[in-house]
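**Q** Take a look at work_34.csv, CSV, C-alpha atoms:
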```csv
chain,number,residue,atom,x,y,z
A,1,MET,CA,11.2,-28.2,33.3
A,2,THR,CA,10.5,-27.5,37.0
A,3,ARG,CA,7.6,-29.5,38.3
A,4,PRO,CA,4.5,-27.4,39.2
A,5,LEU,CA,4.2,-26.5,42.9
A,6,LEU,CA,0.9,-27.3,44.6
A,7,LEU,CA,0.2,-25.7,48.0
A,8,HIS,CA,-2.2,-27.6,50.3
A,9,ILE,CA,-3.8,-25.9,53.3
A,10,PHE,CA,-5.3,-28.3,55.8
A,11,PRO,CA,-7.2,-27.3,59.0
A,12,THR,CA,-5.0,-30.1,60.5
A,13,LEU,CA,-2.5,-32.6,59.3
A,14,ALA,CA,-3.6,-35.0,62.1
A,15,THR,CA,-4.3,-38.5,60.8
A,16,GLY,CA,-7.8,-38.7,59.3
A,17,GLY,CA,-9.5,-39.7,56.1
A,18,VAL,CA,-8.8,-36.5,54.1
A,19,GLN,CA,-5.1,-36.5,55.1
A,20,VAL,CA,-4.6,-40.1,54.3
A,21,ARG,CA,-6.3,-39.8,51.0
A,22,MET,CA,-4.2,-36.8,50.0
A,23,ALA,CA,-1.0,-38.5,51.1
A,24,THR,CA,-1.9,-41.3,48.8
A,25,VAL,CA,-2.5,-38.9,45.9
A,26,MET,CA,0.8,-37.1,46.6
A,27,THR,CA,2.7,-40.3,46.6
A,28,HIS,CA,1.1,-41.5,43.4
A,29,LEU,CA,1.9,-38.1,41.6
A,30,LYS,CA,5.2,-37.4,43.3
A,31,ASP,CA,7.1,-37.5,40.0
A,32,ARG,CA,4.8,-34.9,38.4
A,33,TYR,CA,4.4,-32.3,41.1
A,34,ARG,CA,6.0,-30.7,44.1
A,35,HIS,CA,3.9,-30.1,47.2
A,36,LYS,CA,4.0,-27.7,50.1
A,37,ILE,CA,1.6,-28.3,53.1
A,38,LEU,CA,0.4,-25.9,55.7
A,39,SER,CA,-1.3,-27.4,58.8
A,40,LEU,CA,-3.4,-24.6,60.4
A,41,ASP,CA,-3.5,-26.2,63.9
A,42,GLY,CA,0.2,-27.1,63.9
A,43,ASP,CA,-0.5,-30.9,64.1
A,44,VAL,CA,1.6,-32.7,61.5
A,45,SER,CA,1.2,-36.3,62.8
A,46,ALA,CA,0.1,-37.6,59.4
A,47,ALA,CA,3.3,-36.3,57.8
A,48,GLN,CA,4.8,-39.8,58.2
A,49,ARG,CA,2.4,-40.9,55.4
A,50,LEU,CA,3.8,-38.4,53.0
A,51,PRO,CA,6.5,-39.2,50.4
A,52,GLN,CA,9.9,-38.9,52.0
A,53,ASP,CA,11.8,-38.1,48.8
A,54,GLY,CA,11.9,-34.3,49.1
A,55,SER,CA,8.8,-33.8,46.8
A,56,VAL,CA,6.7,-32.6,49.8
A,57,THR,CA,7.6,-29.9,52.3
A,58,VAL,CA,5.6,-29.2,55.5
A,59,LEU,CA,5.6,-25.5,56.2
A,60,SER,CA,5.9,-23.7,59.5
A,61,GLY,CA,5.5,-20.2,60.8
A,62,LEU,CA,2.2,-19.4,59.2
A,63,ASP,CA,-0.3,-21.2,61.4
A,64,HIS,CA,-0.7,-18.0,63.5
A,65,LEU,CA,-2.6,-16.4,60.7
A,66,LYS,CA,-6.3,-16.9,61.7
A,67,GLY,CA,-9.6,-15.2,61.2
A,68,LEU,CA,-11.0,-12.6,58.8
A,69,ALA,CA,-8.7,-9.9,60.0
A,70,ALA,CA,-5.7,-11.9,58.9
A,71,VAL,CA,-7.0,-12.4,55.3
A,72,PRO,CA,-4.7,-9.6,53.9
A,73,HIS,CA,-1.7,-11.3,55.5
A,74,MET,CA,-2.8,-14.7,54.1
A,75,ARG,CA,-3.0,-13.1,50.7
A,76,ARG,CA,0.5,-11.8,50.9
A,77,ALA,CA,1.7,-15.1,52.2
A,78,LEU,CA,0.2,-16.9,49.2
A,79,LYS,CA,1.9,-14.5,46.8
A,80,ASN,CA,5.2,-15.0,48.6
A,81,LEU,CA,4.9,-18.8,48.4
A,82,SER,CA,4.1,-18.4,44.6
A,83,PRO,CA,2.4,-21.8,44.2
A,84,ASP,CA,1.1,-22.8,40.7
A,85,LEU,CA,-2.1,-24.1,42.4
A,86,VAL,CA,-3.5,-23.8,45.9
A,87,SER,CA,-5.9,-26.3,47.5
A,88,THR,CA,-7.9,-25.7,50.6
A,89,TYR,CA,-9.7,-28.3,52.6
A,90,ASN,CA,-13.0,-28.1,54.5
A,91,TRP,CA,-14.5,-25.3,56.6
A,92,GLY,CA,-11.4,-24.9,58.7
A,93,SER,CA,-9.4,-23.5,55.8
A,94,MET,CA,-12.1,-21.1,54.6
A,95,ASP,CA,-10.3,-17.9,55.6
A,96,TRP,CA,-7.4,-19.0,53.4
A,97,ALA,CA,-9.8,-19.9,50.6
A,98,LEU,CA,-11.1,-16.3,50.9
A,99,ALA,CA,-7.6,-15.0,50.7
A,100,ALA,CA,-6.9,-17.1,47.6
A,101,SER,CA,-10.0,-15.5,46.0
A,102,PHE,CA,-8.1,-12.2,46.0
A,103,THR,CA,-5.2,-13.6,44.1
A,104,SER,CA,-4.7,-14.8,40.5
A,105,ILE,CA,-3.5,-18.3,41.7
A,106,PRO,CA,-5.7,-21.1,40.5
A,107,HIS,CA,-7.6,-22.5,43.5
A,108,LEU,CA,-9.3,-25.8,44.3
A,109,HIS,CA,-11.4,-26.3,47.4
A,110,PHE,CA,-12.3,-29.8,48.8
A,111,GLU,CA,-15.3,-30.3,51.1
A,112,SER,CA,-15.3,-33.8,52.6
A,113,GLY,CA,-17.7,-33.5,55.5
A,114,PHE,CA,-18.9,-31.6,58.5
A,115,GLY,CA,-18.3,-31.3,62.3
A,116,PRO,CA,-21.1,-31.7,64.8
A,117,GLU,CA,-22.2,-28.1,64.5
A,118,GLU,CA,-23.4,-28.9,60.9
A,119,ALA,CA,-24.4,-32.5,61.3
A,120,LEU,CA,-28.0,-31.9,60.6
A,121,LYS,CA,-27.8,-29.1,58.1
A,122,PRO,CA,-25.3,-26.4,57.0
A,123,LEU,CA,-25.3,-23.1,58.9
A,124,LYS,CA,-26.6,-20.2,56.8
A,125,ARG,CA,-23.8,-17.9,57.8
A,126,ARG,CA,-21.2,-20.5,56.7
A,127,SER,CA,-23.0,-21.1,53.4
A,128,MET,CA,-22.8,-17.3,52.7
A,129,VAL,CA,-19.1,-17.3,53.5
A,130,ARG,CA,-18.5,-20.4,51.2
A,131,ARG,CA,-20.2,-18.6,48.3
A,132,LEU,CA,-18.0,-15.6,48.8
A,133,ALA,CA,-14.7,-17.5,49.3
A,134,LEU,CA,-15.3,-19.9,46.5
A,135,ARG,CA,-16.6,-17.4,43.9
A,136,HIS,CA,-13.5,-17.7,41.8
A,137,VAL,CA,-12.6,-21.3,42.5
A,138,VAL,CA,-11.6,-23.5,39.6
A,139,ARG,CA,-13.3,-26.5,41.1
A,140,LEU,CA,-15.2,-27.4,44.3
A,141,VAL,CA,-14.4,-31.1,44.8
A,142,VAL,CA,-16.7,-33.4,46.9
A,143,PRO,CA,-16.5,-37.1,47.4
A,144,SER,CA,-20.3,-37.9,47.7
A,145,LYS,CA,-23.5,-37.5,45.8
A,146,THR,CA,-25.1,-36.3,49.1
A,147,LEU,CA,-22.6,-33.5,49.4
A,148,GLU,CA,-22.9,-32.6,45.7
A,149,GLU,CA,-26.7,-32.1,46.1
A,150,LEU,CA,-26.1,-30.0,49.2
A,151,ALA,CA,-23.6,-27.8,47.5
A,152,VAL,CA,-26.0,-27.2,44.6
A,153,ALA,CA,-28.9,-26.5,47.0
A,154,GLU,CA,-26.8,-24.0,49.1
A,155,LYS,CA,-25.4,-22.4,45.9
A,156,TRP,CA,-21.8,-22.7,47.1
A,157,VAL,CA,-20.6,-22.5,43.5
A,158,ASN,CA,-22.0,-22.6,40.0
A,159,ARG,CA,-22.8,-26.2,39.2
A,160,THR,CA,-20.3,-26.2,36.3
A,161,ARG,CA,-17.5,-25.8,38.8
A,162,LEU,CA,-18.6,-28.7,41.0
A,163,MET,CA,-16.8,-32.0,40.7
A,164,VAL,CA,-17.4,-35.4,42.4
A,165,ILE,CA,-14.4,-37.6,42.9
A,166,PRO,CA,-15.5,-40.7,44.9
A,167,ASN,CA,-13.0,-42.0,47.4
A,168,GLY,CA,-11.1,-45.1,46.4
A,169,VAL,CA,-9.6,-48.1,48.3
A,170,ASP,CA,-6.6,-50.2,47.7
A,171,THR,CA,-8.2,-53.6,47.6
A,172,ASP,CA,-4.9,-55.4,47.3
A,173,PHE,CA,-3.6,-53.8,50.5
A,174,PHE,CA,-6.9,-54.5,52.4
A,175,SER,CA,-7.2,-58.2,51.3
A,176,PRO,CA,-9.7,-60.2,53.4
A,177,ALA,CA,-8.5,-62.4,56.2
A,178,ASP,CA,-9.5,-66.1,56.4
A,179,LYS,CA,-13.0,-66.0,57.9
A,180,SER,CA,-13.6,-69.8,57.8
A,181,VAL,CA,-15.9,-71.3,60.5
A,182,ALA,CA,-12.9,-73.3,61.8
A,183,ASN,CA,-10.9,-70.2,62.5
A,184,SER,CA,-13.7,-67.9,63.7
A,185,SER,CA,-15.7,-70.2,66.0
A,186,VAL,CA,-12.9,-70.5,68.6
A,187,LYS,CA,-13.0,-66.8,69.6
A,188,ALA,CA,-15.6,-64.4,70.9
A,189,PRO,CA,-17.2,-62.3,68.1
A,190,VAL,CA,-15.6,-58.9,67.7
A,191,ILE,CA,-17.3,-55.6,66.7
A,192,LEU,CA,-14.8,-53.1,65.3
A,193,ALA,CA,-15.3,-49.3,65.3
A,194,LEU,CA,-12.6,-47.5,63.2
A,195,ALA,CA,-12.9,-43.8,63.7
A,196,PRO,CA,-11.5,-40.6,65.3
A,197,LEU,CA,-13.0,-40.4,68.8
A,198,ARG,CA,-14.9,-37.2,68.1
A,199,ALA,CA,-18.4,-36.1,69.0
A,200,GLU,CA,-20.0,-36.4,65.6
A,201,LYS,CA,-19.0,-40.1,65.3
A,202,ARG,CA,-21.5,-40.7,68.2
A,203,LEU,CA,-19.5,-43.7,69.5
A,204,ASP,CA,-21.4,-43.1,72.8
A,205,ARG,CA,-24.4,-44.5,71.0
A,206,LEU,CA,-22.4,-47.6,69.9
A,207,ILE,CA,-21.5,-48.3,73.6
A,208,VAL,CA,-25.2,-48.3,74.5
A,209,ILE,CA,-26.0,-50.5,71.5
A,210,PHE,CA,-23.3,-52.9,72.6
A,211,ARG,CA,-24.6,-53.1,76.1
A,212,ASP,CA,-28.0,-54.2,74.7
A,213,VAL,CA,-26.3,-56.6,72.2
A,214,LEU,CA,-24.6,-58.4,75.2
A,215,ASP,CA,-28.0,-59.6,76.3
A,216,ALA,CA,-28.1,-61.8,73.2
A,217,ILE,CA,-24.4,-62.3,72.6
A,218,PRO,CA,-22.8,-62.3,76.1
A,219,ASP,CA,-19.3,-63.1,75.0
A,220,ALA,CA,-19.1,-60.3,72.3
A,221,ARG,CA,-16.3,-57.8,72.3
A,222,LEU,CA,-16.1,-54.1,71.1
A,223,VAL,CA,-12.9,-52.7,69.9
A,224,PHE,CA,-12.3,-49.0,69.1
A,225,VAL,CA,-9.4,-48.0,66.9
A,226,GLY,CA,-8.7,-44.3,66.8
A,227,GLU,CA,-7.8,-41.4,69.0
A,228,GLY,CA,-9.5,-38.1,69.8
A,229,PRO,CA,-10.9,-35.7,72.4
A,230,CYS,CA,-13.8,-38.0,73.4
A,231,ARG,CA,-11.7,-40.9,74.5
A,232,GLN,CA,-11.9,-40.2,78.2
A,233,SER,CA,-15.6,-39.7,78.2
A,234,LEU,CA,-16.1,-42.9,76.2
A,235,GLU,CA,-13.9,-44.9,78.7
A,236,ASP,CA,-15.8,-43.4,81.6
A,237,GLN,CA,-19.1,-44.4,79.9
A,238,CYS,CA,-17.9,-48.0,79.6
A,239,LYS,CA,-16.9,-48.1,83.3
A,240,HIS,CA,-20.3,-46.6,84.3
A,241,LEU,CA,-22.1,-49.3,82.3
A,242,GLY,CA,-19.8,-52.1,83.6
A,243,LEU,CA,-18.5,-52.9,80.1
A,244,GLN,CA,-14.8,-52.4,80.6
A,245,THR,CA,-13.9,-56.1,80.4
A,246,HIS,CA,-15.7,-56.3,77.0
A,247,VAL,CA,-14.4,-53.1,75.4
A,248,GLU,CA,-10.9,-52.2,74.2
A,249,PHE,CA,-9.5,-48.9,73.2
A,250,LYS,CA,-6.5,-49.5,70.9
A,251,GLY,CA,-5.7,-45.8,70.1
A,252,HIS,CA,-4.3,-44.7,66.8
A,253,LEU,CA,-2.8,-47.4,64.6
A,254,THR,CA,-0.8,-46.7,61.5
A,255,ASP,CA,-1.7,-50.2,60.0
A,256,VAL,CA,-5.3,-51.2,60.8
A,257,ARG,CA,-5.3,-54.5,58.9
A,258,PRO,CA,-4.7,-56.7,61.9
A,259,MET,CA,-7.7,-55.2,63.6
A,260,LEU,CA,-9.8,-55.7,60.4
A,261,ALA,CA,-8.6,-59.3,60.2
A,262,ASP,CA,-9.6,-60.0,63.8
A,263,ALA,CA,-13.1,-58.3,63.5
A,264,ASP,CA,-16.3,-60.0,62.6
A,265,VAL,CA,-18.6,-57.0,62.1
A,266,PHE,CA,-17.7,-53.4,61.3
A,267,ALA,CA,-20.0,-50.8,63.0
A,268,MET,CA,-20.6,-47.1,62.3
A,269,THR,CA,-22.9,-44.8,64.4
A,270,SER,CA,-21.9,-41.4,63.0
A,271,GLU,CA,-24.4,-38.5,62.8
A,272,THR,CA,-22.6,-37.0,59.9
A,273,GLU,CA,-20.5,-38.7,57.2
A,274,GLN,CA,-20.0,-38.3,53.5
A,275,MET,CA,-18.0,-41.1,52.0
A,276,PRO,CA,-16.0,-42.6,54.9
A,277,ASN,CA,-12.7,-44.2,54.0
A,278,ALA,CA,-12.9,-46.5,57.0
A,279,LEU,CA,-16.1,-48.1,55.6
A,280,LEU,CA,-14.4,-48.7,52.2
A,281,GLN,CA,-11.5,-50.4,54.0
A,282,ALA,CA,-13.8,-52.6,56.1
A,283,MET,CA,-15.7,-53.6,52.9
A,284,ALA,CA,-12.5,-54.3,51.1
A,285,ALA,CA,-11.4,-56.5,54.0
A,286,GLY,CA,-14.5,-58.6,53.6
A,287,LEU,CA,-16.3,-57.5,56.7
A,288,ALA,CA,-20.1,-57.4,57.2
A,289,VAL,CA,-21.2,-53.8,58.1
A,290,VAL,CA,-24.0,-52.3,60.2
A,291,ALA,CA,-24.3,-48.5,60.2
A,292,TYR,CA,-26.6,-45.6,60.7
A,293,SER,CA,-27.6,-43.8,57.5
A,294,ALA,CA,-25.4,-40.6,56.9
A,295,GLY,CA,-24.1,-39.1,53.8
A,296,ASP,CA,-23.5,-41.7,51.1
A,297,ILE,CA,-23.2,-44.7,53.4
A,298,ALA,CA,-26.4,-46.3,52.0
A,299,HIS,CA,-25.3,-45.6,48.4
A,300,MET,CA,-21.9,-47.2,49.1
A,301,MET,CA,-23.4,-50.5,50.2
A,302,PRO,CA,-24.5,-53.3,47.8
A,303,GLU,CA,-28.2,-53.1,47.1
A,304,ARG,CA,-29.1,-56.2,49.0
A,305,GLN,CA,-27.4,-54.9,52.1
A,306,LYS,CA,-29.5,-51.7,52.5
A,307,PRO,CA,-31.3,-53.3,55.5
A,308,CYS,CA,-27.9,-53.1,57.3
A,309,VAL,CA,-28.1,-49.3,57.1
A,310,LEU,CA,-30.5,-48.1,59.8
A,311,ASN,CA,-32.3,-44.7,60.2
A,312,GLN,CA,-30.6,-42.5,62.7
A,313,ASN,CA,-33.2,-43.0,65.5
A,314,ASP,CA,-33.6,-46.8,65.0
A,315,HIS,CA,-31.8,-48.0,68.1
A,316,GLU,CA,-33.7,-51.3,68.3
A,317,GLY,CA,-33.2,-52.1,64.7
A,318,TYR,CA,-29.5,-51.5,65.0
A,319,VAL,CA,-29.3,-53.8,68.1
A,320,GLU,CA,-31.3,-56.5,66.3
A,321,THR,CA,-29.2,-56.3,63.1
A,322,LEU,CA,-25.9,-56.3,64.9
A,323,ALA,CA,-26.9,-59.3,67.1
A,324,ARG,CA,-28.1,-61.2,64.1
A,325,LEU,CA,-24.8,-60.7,62.3
A,326,LEU,CA,-22.8,-61.7,65.4
A,327,SER,CA,-24.7,-64.9,65.8
A,328,ASN,CA,-24.6,-66.0,62.2
A,329,GLU,CA,-21.1,-66.7,60.8
A,330,ALA,CA,-22.3,-67.9,57.4
A,331,LEU,CA,-24.3,-64.7,56.9
A,332,ARG,CA,-21.4,-62.5,57.9
A,333,HIS,CA,-19.2,-64.4,55.4
A,334,ARG,CA,-21.6,-63.9,52.6
A,335,LEU,CA,-22.2,-60.2,53.2
A,336,GLY,CA,-18.5,-59.7,53.6
A,337,GLN,CA,-17.8,-61.3,50.2
A,338,GLU,CA,-20.5,-59.1,48.6
A,339,ASN,CA,-18.9,-56.0,50.1
A,340,ARG,CA,-15.5,-57.0,48.8
A,341,LEU,CA,-16.7,-57.6,45.3
A,342,HIS,CA,-18.7,-54.3,45.4
A,343,VAL,CA,-15.7,-52.1,46.3
A,344,GLU,CA,-13.4,-53.9,43.7
A,345,LYS,CA,-15.9,-53.0,41.0
A,346,THR,CA,-17.1,-49.5,42.2
A,347,TYR,CA,-14.4,-47.9,44.3
A,348,ALA,CA,-11.0,-48.8,42.8
A,349,MET,CA,-8.1,-46.7,44.0
A,350,THR,CA,-6.8,-46.4,40.4
A,351,ASP,CA,-10.0,-44.6,39.4
A,352,MET,CA,-9.6,-42.1,42.2
A,353,LEU,CA,-5.9,-41.4,41.5
A,354,ASP,CA,-6.6,-41.0,37.7
A,355,ALA,CA,-9.4,-38.5,38.6
A,356,TYR,CA,-7.0,-36.4,40.8
A,357,GLY,CA,-4.3,-36.5,38.1
A,358,GLY,CA,-6.8,-35.2,35.6
A,359,LEU,CA,-8.1,-32.5,38.0
A,360,TYR,CA,-4.6,-31.1,38.6
A,361,ARG,CA,-3.7,-31.3,34.9
A,362,ASP,CA,-6.8,-29.4,33.8
A,363,SER,CA,-6.5,-26.8,36.6
A,364,LEU,CA,-2.9,-26.0,35.8
A,365,GLY,CA,-3.5,-25.9,32.0
A,366,ASP,CA,-0.3,-25.4,29.9
A,367,ILE,CA,2.2,-25.6,32.8
A,368,SER,CA,1.2,-29.1,33.9
```
Spell out the structure here as C-alpha cells.
**A**
Amino acid sequence: MTRPLLLHIFPTLATGGVQVRMATVMTHLKDRYRHKILSLDGDVSAAQRLPQDGSVTVLSGLDHLKGLAAVPHMRRALKNLSPDLVSTYNWGSMDWALAASFTSIPHLHFESGFGPEEALKPLKRRSMVRRLALRHVVRLVVPSKTLEELAVAEKWVNRTRLMVIPNGVDTDFFSPADKSVANSSVKAPVILALAPLRAEKRLDRLIVIFRDVLDAIPDARLVFVGEGPCRQSLEDQCKHLGLQTHVEFKGHLTDVRPMLADADVFAMTSETEQMPNALLQAMAAGLAVVAYSAGDIAHMMPERQKPCVLNQNDHEGYVETLARLLSNEALRHRLGQENRLHVEKTYAMTDMLDAYGGLYRDSLGDIS
C-alpha cells in the first residue's frame, strides 16, 4: 500500500528550531510516510537535514501565492497536490491554513512561538484570523504549557483540539564534554549564545550584560552561534563598546557540539520563547544556564535552578548570576550535571517522536 502523503507548509525552511525538529521527525518516520514541503519565502537551507532517500520532496513554484486574495488559488493548489494530511506552521503560514479550512483534507497546525510584534501579547486581529483559519483543524499542536494557556485564553480552537507535544533532545548526540577543573582552568571562561540573530532574541541586551560582567571577569569571552538579520548591528554594537576582542560571531554551524563543549555557561536573553531547542541542547551537553524568563524556560529548568532564570527587566540580577557562574567552576559543573539528568528524565527524544507518530496515525485514521 502507498505510504500516506503529508504536506508541510513552512513560512521558511531556513535552519531554525521548528525546521530542525520536523526534519528529525521526518527522518524517524520516513518508512511510514511520504512528505512534500513548501517554503513560503523560498529559503530551503535546512533541506540538507531532511532524509535524502526520496521520501521527502521540496516543492517549488507556489511561493508566489501570498495574502488573503490568493487563498482561492491556495485552495486549488492543495486539491491538486492531493495530500492525505496538511500541516501548517506558525503565523507565517496562516493564509494556507485558511485555504486548508475550505477543503476536506485533514489539517494540523503547529504554533511554536512568536516574532517581536507579538512578544508581549498576541495581536487581537491575528487571534481573530487564527480562530477563523483553524476552525476545522484536527489538532492545534503547541510545545509549551505557556502557549497552551494562551491558545485557550485567546480561543484559537476548542480545547479538545489542542495538543501539547514538548520538544525532545537527543541526549546521546549532545553528550557532555569533560568539564574537569584541570581542563577548564587553563582557558578563559566562555559564554555561549546559540540563537538566530533576530530582534526578538534580544542579543543586544546580552552584549550590554557581557560588558558589565567583564568588570568582574575581565578575561571572559562571548561567542555567538547563529546567523540572521541583526548580525551587522550586533557587530557594530560590540565595536562601539570596545568589545570586539572579547566577542566572536561564528555564524551558522550545522554541528554545534564543539561550541557546546568549549562553553562554560549558556546564556539566553530572548523577549519571547516557548520551548527553545537550543536550551535543551545546552542542558543535555551539561552546561549551566542563565536566562531571562520567557515562555516555558523556567518550567524547563530543574527546580533548584529557578534562581538562574531572571525577570525580563532584572539586568543587575542577570549580570550578578552570570558573573557568579563564570567565577565558580565547581558550581557550574554541579548545575550542568543537574541539567543533564533533568533532560534525560523529562525531555527524551523518543517521547517526542512517539507523540508525533501517534498524532499522524490518529489524524489519518484508517489510511495510516
**Q** Name the residues within 12 Å of (-26.9, -52.5, 47.2), counting all atoms listed in the file in the file's coordinates, and put them as a JSON list (two decimals) with C-alpha atoms, in the coordinates of the input.
**A**
```
[["chain", "number", "residue", "atom", "x", "y", "z"],
["A", 296, "ASP", "CA", -23.50, -41.70, 51.10],
["A", 297, "ILE", "CA", -23.20, -44.70, 53.40],
["A", 298, "ALA", "CA", -26.40, -46.30, 52.00],
["A", 299, "HIS", "CA", -25.30, -45.60, 48.40],
["A", 300, "MET", "CA", -21.90, -47.20, 49.10],
["A", 301, "MET", "CA", -23.40, -50.50, 50.20],
["A", 302, "PRO", "CA", -24.50, -53.30, 47.80],
["A", 303, "GLU", "CA", -28.20, -53.10, 47.10],
["A", 304, "ARG", "CA", -29.10, -56.20, 49.00],
["A", 305, "GLN", "CA", -27.40, -54.90, 52.10],
["A", 306, "LYS", "CA", -29.50, -51.70, 52.50],
["A", 307, "PRO", "CA", -31.30, -53.30, 55.50],
["A", 308, "CYS", "CA", -27.90, -53.10, 57.30],
["A", 309, "VAL", "CA", -28.10, -49.30, 57.10],
["A", 335, "LEU", "CA", -22.20, -60.20, 53.20],
["A", 338, "GLU", "CA", -20.50, -59.10, 48.60],
["A", 339, "ASN", "CA", -18.90, -56.00, 50.10],
["A", 341, "LEU", "CA", -16.70, -57.60, 45.30],
["A", 342, "HIS", "CA", -18.70, -54.30, 45.40],
["A", 343, "VAL", "CA", -15.70, -52.10, 46.30],
["A", 346, "THR", "CA", -17.10, -49.50, 42.20]]
```
**Q** In file coordinates, which residues lie within 12 Å of (-33.6, -46.1, 57.8) using all atoms listed in the file, given as a list in words?
**A**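 These residues have at least one counted atom within 12 Å: Val290, Ala291, Tyr292, Ser293, Ala294, Ile297, Ala298, Lys306, Pro307, Cys308, Val309, Leu310, Asn311, Gln312, Asn313, Asp314, His315, Glu316, Gly317 and Tyr318 of chain A.
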**Q** Produce a file of the selected residues containing C-alpha atoms, as a short mmCIF file (atom, residue, chain, number, x, y, z; two decimals), in the frame of the given file.
**A**
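Written output follows (again04.cif):
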```cif
data_model
loop_
_atom_site.label_atom_id
_atom_site.label_comp_id
_atom_site.auth_asym_id
_atom_site.auth_seq_id
_atom_site.Cartn_x
_atom_site.Cartn_y
_atom_site.Cartn_z
CA VAL A 290 -24.00 -52.30 60.20
CA ALA A 291 -24.30 -48.50 60.20
CA TYR A 292 -26.60 -45.60 60.70
CA SER A 293 -27.60 -43.80 57.50
CA ALA A 294 -25.40 -40.60 56.90
CA ILE A 297 -23.20 -44.70 53.40
CA ALA A 298 -26.40 -46.30 52.00
CA LYS A 306 -29.50 -51.70 52.50
CA PRO A 307 -31.30 -53.30 55.50
CA CYS A 308 -27.90 -53.10 57.30
CA VAL A 309 -28.10 -49.30 57.10
CA LEU A 310 -30.50 -48.10 59.80
CA ASN A 311 -32.30 -44.70 60.20
CA GLN A 312 -30.60 -42.50 62.70
CA ASN A 313 -33.20 -43.00 65.50
CA ASP A 314 -33.60 -46.80 65.00
CA HIS A 315 -31.80 -48.00 68.10
CA GLU A 316 -33.70 -51.30 68.30
CA GLY A 317 -33.20 -52.10 64.70
CA TYR A 318 -29.50 -51.50 65.00
#
```
**Q** Find the residue from A:Asp84, A:Asp255, A:Glu227, A:Ala99 that sits nearest to Ala69 in chain A; use only C-alpha atoms when measuring.
**A**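 The closest residue to Ala69 in chain A is A:Ala99.
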**Q** Considering all atoms listed in the file, return as a list in words whatever protein or nucleic-acid residues lie within 12 Å of Gly242 in chain A, sequence-local ones (same chain, fewer than 6 positions apart) excluded.
**A**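 Counting all atoms listed in the file, the residues come to Ile207, Val208, Phe210, Arg211, Leu214, Glu235 and Asp236 of chain A.
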**Q** Counting all atoms listed in the file, figure out which residue out of A:Arg131, A:Arg221, A:Lys79, A:Arg202 gets nearest to Leu326 in chain A.
**A**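 The answer is A:Arg221, which sits nearest to Leu326 in chain A.
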**Q** What is the CA of Arg332 in chain A-CA of Ala288 in chain A distance in Å, reported with one decimal?
**A** 5.3 Å
**Q** Restrict the calculation to only C-alpha atoms, then for each residue of range 91-166 of chain A with any atom at most 10 Å from an atom of range 22-41 of chain A give the closest atom pair and their distance in Å to one decimal, rows by chain and rising residue number, as a Markdown table.
**A**
```
| residue | atom | partner | partner_atom | distance |
| --- | --- | --- | --- | --- |
| A:Gly92 | CA | A:Leu40 | CA | 8.2 |
| A:Ser93 | CA | A:Leu40 | CA | 7.6 |
| A:Trp96 | CA | A:Leu40 | CA | 9.8 |
```
**Q** Considering all atoms listed in the file, state which residue in the set A:Leu353, A:Ala177, A:Leu98, A:Leu253 is at the smallest distance from Ser45 in chain A.
**A**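 With all atoms listed in the file as the atom set, the closest residue is A:Leu253.
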